[in-house]
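To keep things clear, I will list the structure first and then write my remarks on it.
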Amino acid sequence: MPVMNYIQALNSALHNEMERDPRVVVFGEDVGRAGGVFRVTDGLQSRFGEERCFDTPLCEQGIVGAAIGMALNGLKPVAEIQFMDYILPAYDQIANELATIRYRSGGQFSAPVVVRTPACGGIHGGHYHSQSTESIFTHVPGIHVVMPSDPYDAKGLLIQAIRSEDPVLFLEPKKLYRSARAEVPEEPYTIPFGQAKVLREGTDCTVVAWGVMVHVCKEAVEQAARKGIECELIDPRTLAPLDEEAILESVRKTGRLVIVHEARRNTGFGAEIAALVAEKAILHLEAPIRRVTGFDVHCPFTLDPYFLPDAPRVLLAIEETVGF
Amino acid sequence: MAATEVLQLLAPDGSAASEELPAELDPQRLVGWYRNMVLLRSFDRRALNLQRQGRIYFYAPASGQEAAQIGSAAALQDGDWMFPTYREAGACYQRGLSLQALADQLFGNARDLTKGRQMPNHFACAALRIVSISSPIATQIPQAAGCAIAQKIKRERAATLCYFGDGATSEGDFHAGMNFAGVFRAPCVFFCQNNQWAITVPVSRQTGSESIAIKAKAYGFEGYRVDGNDILAVYTSVKQALDKARAGGGPTLIEALTYRMGPHSTSDDPRRYRSESEVAEWERRDPIVRFERWLRSRGWLDDATVAAIERETAAEVEQAIRSAEAVDAPPPQSLFEDLYAEPTPRLREQQRELLGLIERGVVERITRTPLFG
Ligand SMILES: Cc1ncc(C[n+]2csc(CCOP(=O)(O)OP(=O)(O)O)c2C)c(N)n1
Ligand SMILES: [Mg+2]
């Protein structure tokens, strides 16, 4: 099986699906001729032609709005927003339009659009190339929110997204684009939404993380293991739908929960997980739930390393939770 | 003038359409512009090298756009406001932002006016009415219209100059800003540097219209094209538009036809999407060469002065960079400042949390501005 990085895995998924289904069209800023600023759509235009993979004008609300129209009329658009930080002009199209069309039409219309976008920080990009605003989308019903943490999951979940009957926001932690590598089949395969992945089993403390933070937590839980603390590390992979049972089952076993995300703490998705556990498993808890997150500031440029959670901060939270 | 004609006062060979000059332009001022153009080119080259050496993280050069940048900002008066983009290091410098301030911002050090909060090229200087640059494309356009509406409401005899690129004209914010300016007859000059490219996308993919300038007509005001590599044409047209705005004549859209001779930014390789012949064609229209030819033909510049300007500006750039690099990073507590006029209790708590983590050695203290390999 070939080893692929995150970009290659996504590119392979797009090739597979465009090959399989002539309704799939791919577009966005710099997506066509250049193959994307991160090269995720590399080679698609030369292979499938300019009608199926093309550059758009520089306009996010246009990209998503047009994608909705294409999807209403039977195409399967995979739209790229160049950075998640620039998705906001399209927020109206996503939250008020894309996510509501099935509901507000009484089920008559649907718009199965995939919006892919590089997300999260860790590349010294300052506020406008670092945000991880998944929670402003998980707050909106009617759209799935996916954030794979490795190339294998990325390919399987992207194909699942393209085949989905509902809209999907597909978040790609850009820091992993070239750094994460895995064995990935050339052939198409899918990974169902709403199935968490347990990366490490343990009995002392549950650690939930997604995106880049999965890798930070892997390091932290290994260090914890060397100190005799056995953590269970869970990557939900899709935040909407969320595999609630996987988290609850783990917390019932460990009695402790540390949630790690790089998004800001205030109303981040970690708050939703904490509330879930408080509602459904509080009597199993032996220590307060801890969140290790970005601070409640705009991601700064020079001081960026302070903003993002790292392994020592996660390890400290694990130790304090277990030693409570 | 029709919105598709192009105003040109200096031909690429340095010959002038007219011997007459606006009264306020004397040789000293003109040679000063030339000097600033040379300095900007030198700053660009140095910044690109610094990024390659891993000493700064990012840079967006403006080589090829010096006439558009220097000529436009030279037309501003003290009370005017400007809304630049990340491409406008040169316009900011011409406006009065010091070379040291530019260099400090590239390093994001403790002396940087913006406290290291943003990526390189995102300058801000309230004292000079240079509004803080943000990365999202076109967001400044309606803001500039609003600033100009305020100038009108406050009866200020001042105008607002708004910078943006060809790509920006595709955003909804372009429409919003142009429309507000037209409806309220705001004293705003919209200065579009059509440098032919938005990263890898040519301007033909931004509009089906025959020009960008022509769009002004539909918003109820004047728009025209100028040769953006001709500093006299840029200065004259922006000056006229600003004067008109200050006198209550409403907004203007100016489309300056120019070319980004270098990469979009240090993250980009332009050879992948545009031809060498296109680049060569525009190199023949180099704005600095053209202006230099003309200044020489008038007898205002000679070999010795050119050599001195090149030497002095390079030394100034070097000095500013050395000084900027020697300054420490902003202190950790500054992470939590400037979110609000006063920090909230929660921010104070998080500030204590971070300082505690640094004290305990859990989080490493950042002393230097970022170094990258
Ligand atoms: C809203 C938004 N979308 C996408 C981007 C990514 N991006 C940065 S610069 C750029 C191209 C801008 O082109 P143009 O307006 O012509 O200005 P130029 O860079 O040529 O000066 C793009 C797409 C962004 N910064 N903001
Ligand atoms: Mg441009």
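Identifiers in the structure tokens: chain A, B, ... in order shown; residue index from 1 per chain; ligand index from 1 in order shown.
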
> Taking only C-alpha atoms into account, which residues of chain B are within 6 Å of chain A, as a list in words?
Replying inline: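 On the chain B side, the interface is Gly108, Gly116, Arg117, Gln118, Met119, Gly167, Ser170, Glu171, Thr200, Arg205, Gln206 and Val362 of chain B.
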
> Do you know which residues are at most 9 Å from A:Leu239 counting only C-alpha atoms, after dropping those on the same chain fewer than 4 positions away, and could you put them as a list in words?
Replying inline: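 The contact residues come out as Glu134, Ser135, Thr138, His144, Val145, Val146, Met147, Phe193, Gly194, Trp210, Asp243 and Phe269 of chain A.
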
Emit the selected residues as a PDB file, in the first residue's frame, including C-alpha atoms.
ATOM      1  CA  GLU A 134     -15.502  24.628  13.976  1.00  0.00           C
ATOM      2  CA  SER A 135     -17.901  25.536  16.765  1.00  0.00           C
ATOM      3  CA  THR A 138     -21.392  22.761  14.734  1.00  0.00           C
ATOM      4  CA  HIS A 144     -21.948  17.825   8.908  1.00  0.00           C
ATOM      5  CA  VAL A 145     -18.617  19.011  10.298  1.00  0.00           C
ATOM      6  CA  VAL A 146     -15.603  16.782   9.751  1.00  0.00           C
ATOM      7  CA  MET A 147     -11.962  17.208  10.766  1.00  0.00           C
ATOM      8  CA  PHE A 193     -19.570   9.791   9.906  1.00  0.00           C
ATOM      9  CA  GLY A 194     -20.151   9.655  13.658  1.00  0.00           C
ATOM     10  CA  TRP A 210      -9.260  16.363  17.019  1.00  0.00           C
ATOM     11  CA  ASP A 243     -19.923   9.770  18.448  1.00  0.00           C
ATOM     12  CA  PHE A 269     -16.645  22.598  20.960  1.00  0.00           C
TER      13      PHE A 269
END

>> Quick check for you: according to DSSP on this backbone, which residues of stretch 153-359 of chain B are classed as helix (DSSP H, G or I)? Reply as JSON, numbers by chain.
In response: {"B": [153, 167, 168, 169, 170, 172, 173, 174, 175, 176, 177, 178, 179, 180, 181, 182, 183, 184, 203, 204, 205, 215, 216, 217, 218, 231, 232, 233, 234, 235, 236, 237, 238, 239, 240, 241, 242, 243, 244, 245, 246, 270, 271, 272, 276, 277, 278, 279, 280, 281, 282, 283, 287, 288, 289, 290, 291, 292, 293, 294, 295, 296, 297, 303, 304, 305, 306, 307, 308, 309, 310, 311, 312, 313, 314, 315, 316, 317, 318, 319, 320, 321, 322, 323, 324, 325, 332, 333, 334, 335, 336, 345, 346, 347, 348, 349, 350, 351, 352, 353, 354, 355, 356, 357, 358, 359]}

>> Applying 10 Å and only C-alpha atoms, which residues near A:Glu186 remain after dropping the ones on its own chain fewer than 3 positions away? List them as a ChimeraX atom specification.
In response: /A:1-4,9,12-13,15-16,155,183,189

With ligand 1 as the partner and 9 Å as the cut-off, tabulate the residues of chain B that qualify, each row holding the nearest pair of atoms and their distance in Å to one decimal, using only C-alpha atoms and all ligand atoms, sorted by chain and rising number, as CSV.
residue,atom,partner,partner_atom_place_in_ligand_line,distance
B:Ala60,CA,ligand 1,19 (O),8.1
B:Ala62,CA,ligand 1,21 (O),8.0
B:Thr85,CA,ligand 1,21 (O),7.6
B:Tyr86,CA,ligand 1,21 (O),7.6
B:Arg87,CA,ligand 1,21 (O),5.6
B:Glu88,CA,ligand 1,21 (O),8.6
B:Ser134,CA,ligand 1,25 (N),8.4
B:Ser135,CA,ligand 1,25 (N),4.8
B:Pro136,CA,ligand 1,26 (N),3.5
B:Ile137,CA,ligand 1,26 (N),4.0
B:Ala138,CA,ligand 1,1 (C),7.0
B:Thr139,CA,ligand 1,1 (C),7.7
B:Phe164,CA,ligand 1,15 (O),5.9
B:Gly165,CA,ligand 1,15 (O),3.5
B:Asp166,CA,ligand 1,16 (O),4.0
B:Gly167,CA,ligand 1,15 (O),3.4
B:Ala168,CA,ligand 1,15 (O),4.0
B:Thr169,CA,ligand 1,15 (O),7.1
B:Ser170,CA,ligand 1,15 (O),8.5
B:Glu171,CA,ligand 1,1 (C),7.5
B:Cys192,CA,ligand 1,15 (O),8.6
B:Gln193,CA,ligand 1,21 (O),7.1
B:Asn194,CA,ligand 1,16 (O),6.5
B:Asn195,CA,ligand 1,20 (O),5.7
B:Gln196,CA,ligand 1,16 (O),7.0
B:Trp197,CA,ligand 1,20 (O),5.2
B:Ala198,CA,ligand 1,13 (O),3.4
B:Ile199,CA,ligand 1,11 (C),4.9
B:Thr200,CA,ligand 1,11 (C),8.2
B:Val201,CA,ligand 1,11 (C),8.1
B:Pro202,CA,ligand 1,16 (O),8.6
B:Val203,CA,ligand 1,16 (O),7.7
B:Gln206,CA,ligand 1,16 (O),8.9
B:Tyr259,CA,ligand 1,20 (O),8.6
B:Arg260,CA,ligand 1,20 (O),7.1
B:His264,CA,ligand 1,19 (O),5.9
B:Ser265,CA,ligand 1,19 (O),8.1

Keeping only N, CA, C and O atoms, write those residues as a tab-separated table (two decimals), in the first residue's frame.
chain	number	residue	atom	x	y	z
B	60	ALA	N	5.25	40.00	1.17
B	60	ALA	CA	4.52	40.19	-0.09
B	60	ALA	C	5.14	41.40	-0.80
B	60	ALA	O	4.97	42.53	-0.36
B	62	ALA	N	6.22	44.26	-3.74
B	62	ALA	CA	5.45	45.16	-4.60
B	62	ALA	C	6.26	45.57	-5.82
B	62	ALA	O	5.91	46.52	-6.51
B	85	THR	N	-3.63	47.70	1.69
B	85	THR	CA	-3.60	46.24	1.80
B	85	THR	C	-2.16	45.82	2.10
B	85	THR	O	-1.26	46.65	2.13
B	86	TYR	N	-1.98	44.52	2.25
B	86	TYR	CA	-0.64	43.97	2.54
B	86	TYR	C	0.39	44.31	1.47
B	86	TYR	O	1.58	44.11	1.67
B	87	ARG	N	-0.05	44.75	0.29
B	87	ARG	CA	0.91	45.02	-0.78
B	87	ARG	C	1.52	46.42	-0.62
B	87	ARG	O	2.41	46.78	-1.36
B	88	GLU	N	1.01	47.22	0.33
B	88	GLU	CA	1.28	48.66	0.31
B	88	GLU	C	2.41	49.14	1.22
B	88	GLU	O	2.36	50.26	1.73
B	134	SER	N	-5.81	44.29	7.33
B	134	SER	CA	-6.18	42.92	7.67
B	134	SER	C	-6.07	42.08	6.41
B	134	SER	O	-6.12	42.60	5.30
B	135	SER	N	-5.89	40.77	6.57
B	135	SER	CA	-5.67	39.92	5.38
B	135	SER	C	-6.90	39.71	4.52
B	135	SER	O	-6.76	39.57	3.30
B	136	PRO	N	-8.11	39.60	5.09
B	136	PRO	CA	-9.25	39.29	4.23
B	136	PRO	C	-9.41	40.33	3.11
B	136	PRO	O	-9.41	41.53	3.37
B	137	ILE	N	-9.54	39.82	1.91
B	137	ILE	CA	-9.58	40.68	0.74
B	137	ILE	C	-10.86	41.51	0.70
B	137	ILE	O	-11.96	40.96	0.90
B	138	ALA	N	-10.71	42.79	0.43
B	138	ALA	CA	-11.82	43.72	0.12
B	138	ALA	C	-12.60	44.24	1.33
B	138	ALA	O	-13.43	45.13	1.17
B	139	THR	N	-12.32	43.73	2.52
B	139	THR	CA	-13.09	44.17	3.69
B	139	THR	C	-12.92	45.66	3.96
B	139	THR	O	-13.78	46.29	4.56
B	164	PHE	N	-6.88	48.58	-3.16
B	164	PHE	CA	-7.23	47.16	-3.30
B	164	PHE	C	-6.74	46.67	-4.65
B	164	PHE	O	-6.31	47.45	-5.49
B	165	GLY	N	-6.81	45.36	-4.82
B	165	GLY	CA	-6.30	44.76	-6.05
B	165	GLY	C	-7.42	44.41	-7.01
B	165	GLY	O	-8.60	44.59	-6.72
B	166	ASP	N	-7.04	43.87	-8.16
B	166	ASP	CA	-8.03	43.44	-9.15
B	166	ASP	C	-8.90	42.31	-8.60
B	166	ASP	O	-10.11	42.28	-8.81
B	167	GLY	N	-8.28	41.39	-7.87
B	167	GLY	CA	-9.04	40.26	-7.31
B	167	GLY	C	-10.13	40.74	-6.37
B	167	GLY	O	-11.24	40.19	-6.34
B	168	ALA	N	-9.82	41.78	-5.62
B	168	ALA	CA	-10.76	42.29	-4.61
B	168	ALA	C	-12.07	42.75	-5.22
B	168	ALA	O	-13.11	42.77	-4.55
B	169	THR	N	-12.04	43.12	-6.49
B	169	THR	CA	-13.27	43.65	-7.10
B	169	THR	C	-14.34	42.57	-7.27
B	169	THR	O	-15.48	42.88	-7.59
B	170	SER	N	-13.96	41.31	-7.06
B	170	SER	CA	-14.95	40.23	-7.17
B	170	SER	C	-15.74	40.02	-5.88
B	170	SER	O	-16.76	39.34	-5.88
B	171	GLU	N	-15.21	40.54	-4.78
B	171	GLU	CA	-15.86	40.29	-3.49
B	171	GLU	C	-17.13	41.14	-3.33
B	171	GLU	O	-17.21	42.25	-3.85
B	192	CYS	N	-7.62	51.07	-7.39
B	192	CYS	CA	-7.43	49.64	-7.67
B	192	CYS	C	-6.14	49.45	-8.44
B	192	CYS	O	-5.99	49.95	-9.55
B	193	GLN	N	-5.20	48.73	-7.85
B	193	GLN	CA	-4.00	48.37	-8.61
B	193	GLN	C	-4.29	47.06	-9.33
B	193	GLN	O	-4.25	45.99	-8.73
B	194	ASN	N	-4.61	47.19	-10.59
B	194	ASN	CA	-4.84	45.99	-11.40
B	194	ASN	C	-3.47	45.50	-11.85
B	194	ASN	O	-2.95	45.93	-12.87
B	195	ASN	N	-2.93	44.57	-11.04
B	195	ASN	CA	-1.59	44.05	-11.36
B	195	ASN	C	-1.70	42.74	-12.14
B	195	ASN	O	-0.78	41.94	-12.19
B	196	GLN	N	-2.85	42.51	-12.72
B	196	GLN	CA	-3.13	41.42	-13.68
B	196	GLN	C	-3.35	40.06	-13.03
B	196	GLN	O	-3.86	39.16	-13.68
B	197	TRP	N	-2.96	39.90	-11.77
B	197	TRP	CA	-3.05	38.58	-11.16
B	197	TRP	C	-3.59	38.66	-9.73
B	197	TRP	O	-3.28	39.61	-9.02
B	198	ALA	N	-4.37	37.68	-9.36
B	198	ALA	CA	-4.76	37.45	-7.97
B	198	ALA	C	-4.20	36.07	-7.63
B	198	ALA	O	-4.79	35.05	-8.00
B	199	ILE	N	-3.06	36.04	-7.01
B	199	ILE	CA	-2.24	34.83	-6.87
B	199	ILE	C	-2.10	34.19	-8.25
B	199	ILE	O	-1.43	34.77	-9.10
B	200	THR	N	-2.75	33.06	-8.52
B	200	THR	CA	-2.54	32.39	-9.82
B	200	THR	C	-3.65	32.67	-10.82
B	200	THR	O	-3.68	32.09	-11.90
B	201	VAL	N	-4.60	33.52	-10.44
B	201	VAL	CA	-5.79	33.71	-11.29
B	201	VAL	C	-5.67	35.04	-12.05
B	201	VAL	O	-5.49	36.09	-11.44
B	202	PRO	N	-5.77	35.00	-13.38
B	202	PRO	CA	-5.65	36.23	-14.16
B	202	PRO	C	-6.90	37.09	-14.04
B	202	PRO	O	-7.99	36.59	-13.72
B	203	VAL	N	-6.75	38.37	-14.33
B	203	VAL	CA	-7.87	39.30	-14.14
B	203	VAL	C	-9.05	38.94	-15.04
B	203	VAL	O	-10.21	39.21	-14.69
B	206	GLN	N	-11.71	37.47	-13.13
B	206	GLN	CA	-12.38	38.26	-12.09
B	206	GLN	C	-13.58	39.01	-12.62
B	206	GLN	O	-14.48	39.36	-11.86
B	259	TYR	N	1.71	45.79	-12.88
B	259	TYR	CA	2.09	44.38	-12.93
B	259	TYR	C	2.91	44.03	-11.70
B	259	TYR	O	3.82	44.77	-11.30
B	260	ARG	N	2.55	42.90	-11.10
B	260	ARG	CA	3.35	42.37	-10.00
B	260	ARG	C	4.50	41.60	-10.63
B	260	ARG	O	4.30	40.53	-11.18
B	264	HIS	N	3.48	36.44	-5.80
B	264	HIS	CA	2.40	36.98	-4.97
B	264	HIS	C	2.91	37.24	-3.56
B	264	HIS	O	2.65	38.27	-2.96
B	265	SER	N	3.61	36.24	-3.05
B	265	SER	CA	4.22	36.35	-1.73
B	265	SER	C	5.33	35.33	-1.71
B	265	SER	O	5.55	34.62	-2.69

>> I'd like the neighbourhood of B:Ala110 as a PyMOL selection string, where a residue qualifies if any of its atoms comes within 6 Å (using only C-alpha atoms), though same-chain residues fewer than 6 positions away should be ignored.
In response: chain B and resi 328-330

> Per DSSP on the backbone, what are the strand (DSSP E) residues of stretch 129-256 of chain B, as a VMD selection string?
Replying inline: chain B and resid 160 to 165 188 to 194 197 to 198 201 to 202 222 to 227 252 to 256

>> Give me the residues near B:Gln140 as a ChimeraX atom specification, where near means some atom within 12 Å (using only C-alpha atoms) and where sequence neighbours in that chain fewer than 5 positions away do not count.
In response: /B:82-86,130-135,145-147,160-165,168-169,171-178,190-191

Residues of the last selection are to be written out with N, CA, C and O atoms, as a short mmCIF file (atom, residue, chain, number, x, y, z; two decimals), in the first residue's frame.
data_model
loop_
_atom_site.label_atom_id
_atom_site.label_comp_id
_atom_site.auth_asym_id
_atom_site.auth_seq_id
_atom_site.Cartn_x
_atom_site.Cartn_y
_atom_site.Cartn_z
N MET B 82 -5.95 56.76 4.86
CA MET B 82 -5.72 55.72 3.85
C MET B 82 -6.00 54.33 4.39
O MET B 82 -5.75 54.02 5.55
N PHE B 83 -6.56 53.49 3.54
CA PHE B 83 -6.89 52.10 3.86
C PHE B 83 -6.08 51.20 2.91
O PHE B 83 -6.53 50.90 1.82
N PRO B 84 -4.88 50.78 3.33
CA PRO B 84 -4.03 49.98 2.43
C PRO B 84 -4.30 48.48 2.54
O PRO B 84 -5.09 48.03 3.38
N THR B 85 -3.63 47.70 1.69
CA THR B 85 -3.60 46.24 1.80
C THR B 85 -2.16 45.82 2.10
O THR B 85 -1.26 46.65 2.13
N TYR B 86 -1.98 44.52 2.25
CA TYR B 86 -0.64 43.97 2.54
C TYR B 86 0.39 44.31 1.47
O TYR B 86 1.58 44.11 1.67
N ILE B 130 -3.12 55.71 8.80
CA ILE B 130 -2.97 54.49 7.99
C ILE B 130 -3.73 53.41 8.76
O ILE B 130 -3.28 52.97 9.82
N VAL B 131 -4.88 53.02 8.25
CA VAL B 131 -5.73 52.10 9.01
C VAL B 131 -5.14 50.69 8.98
O VAL B 131 -4.60 50.25 7.96
N SER B 132 -5.24 50.01 10.10
CA SER B 132 -4.71 48.66 10.29
C SER B 132 -5.10 47.75 9.12
O SER B 132 -6.28 47.62 8.79
N ILE B 133 -4.10 47.10 8.53
CA ILE B 133 -4.33 46.21 7.39
C ILE B 133 -4.78 44.84 7.92
O ILE B 133 -4.17 44.31 8.84
N SER B 134 -5.81 44.29 7.33
CA SER B 134 -6.18 42.92 7.67
C SER B 134 -6.07 42.08 6.41
O SER B 134 -6.12 42.60 5.30
N SER B 135 -5.89 40.77 6.57
CA SER B 135 -5.67 39.92 5.38
C SER B 135 -6.90 39.71 4.52
O SER B 135 -6.76 39.57 3.30
N ALA B 145 -15.38 53.67 2.64
CA ALA B 145 -16.57 54.47 2.31
C ALA B 145 -17.15 55.08 3.58
O ALA B 145 -17.49 56.27 3.61
N GLY B 146 -17.21 54.29 4.64
CA GLY B 146 -17.75 54.78 5.91
C GLY B 146 -16.90 55.89 6.50
O GLY B 146 -17.42 56.89 7.02
N CYS B 147 -15.60 55.73 6.43
CA CYS B 147 -14.70 56.77 6.93
C CYS B 147 -14.93 58.07 6.16
O CYS B 147 -14.98 59.16 6.75
N THR B 160 -10.62 60.18 1.70
CA THR B 160 -10.12 58.85 2.06
C THR B 160 -9.64 58.14 0.79
O THR B 160 -10.32 58.18 -0.24
N LEU B 161 -8.47 57.53 0.91
CA LEU B 161 -7.91 56.80 -0.23
C LEU B 161 -7.92 55.31 0.10
O LEU B 161 -7.32 54.89 1.10
N CYS B 162 -8.61 54.54 -0.72
CA CYS B 162 -8.79 53.11 -0.44
C CYS B 162 -8.05 52.28 -1.48
O CYS B 162 -8.31 52.38 -2.67
N TYR B 163 -7.14 51.43 -1.01
CA TYR B 163 -6.34 50.57 -1.90
C TYR B 163 -6.96 49.18 -1.99
O TYR B 163 -7.46 48.64 -1.00
N PHE B 164 -6.88 48.58 -3.16
CA PHE B 164 -7.23 47.16 -3.30
C PHE B 164 -6.74 46.67 -4.65
O PHE B 164 -6.31 47.45 -5.49
N GLY B 165 -6.81 45.36 -4.82
CA GLY B 165 -6.30 44.76 -6.05
C GLY B 165 -7.42 44.41 -7.01
O GLY B 165 -8.60 44.59 -6.72
N ALA B 168 -9.82 41.78 -5.62
CA ALA B 168 -10.76 42.29 -4.61
C ALA B 168 -12.07 42.75 -5.22
O ALA B 168 -13.11 42.77 -4.55
N THR B 169 -12.04 43.12 -6.49
CA THR B 169 -13.27 43.65 -7.10
C THR B 169 -14.34 42.57 -7.27
O THR B 169 -15.48 42.88 -7.59
N GLU B 171 -15.21 40.54 -4.78
CA GLU B 171 -15.86 40.29 -3.49
C GLU B 171 -17.13 41.14 -3.33
O GLU B 171 -17.21 42.25 -3.85
N GLY B 172 -18.06 40.63 -2.55
CA GLY B 172 -19.26 41.39 -2.24
C GLY B 172 -18.95 42.72 -1.59
O GLY B 172 -19.66 43.71 -1.80
N ASP B 173 -17.88 42.77 -0.80
CA ASP B 173 -17.53 44.01 -0.12
C ASP B 173 -17.17 45.13 -1.10
O ASP B 173 -17.31 46.31 -0.77
N PHE B 174 -16.68 44.77 -2.27
CA PHE B 174 -16.39 45.80 -3.28
C PHE B 174 -17.71 46.47 -3.68
O PHE B 174 -17.83 47.69 -3.69
N HIS B 175 -18.69 45.66 -3.97
CA HIS B 175 -20.00 46.21 -4.32
C HIS B 175 -20.55 47.08 -3.18
O HIS B 175 -20.99 48.21 -3.40
N ALA B 176 -20.48 46.54 -1.96
CA ALA B 176 -21.03 47.27 -0.81
C ALA B 176 -20.37 48.63 -0.67
O ALA B 176 -21.05 49.66 -0.50
N GLY B 177 -19.06 48.67 -0.76
CA GLY B 177 -18.33 49.92 -0.55
C GLY B 177 -18.59 50.92 -1.67
O GLY B 177 -18.82 52.11 -1.42
N MET B 178 -18.58 50.44 -2.90
CA MET B 178 -18.81 51.33 -4.04
C MET B 178 -20.24 51.90 -3.97
O MET B 178 -20.47 53.08 -4.23
N PHE B 190 -11.27 55.35 -4.68
CA PHE B 190 -11.01 53.91 -4.73
C PHE B 190 -9.88 53.68 -5.71
O PHE B 190 -10.02 53.95 -6.90
N PHE B 191 -8.76 53.20 -5.21
CA PHE B 191 -7.56 53.07 -6.04
C PHE B 191 -7.25 51.58 -6.23
O PHE B 191 -6.74 50.92 -5.33
#

>> Report, in Å to a single decimal, how far apart atom CA of B:Leu335 and atom CA of A:His215 are.
In response: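 A separation of 24.9 Å between them.
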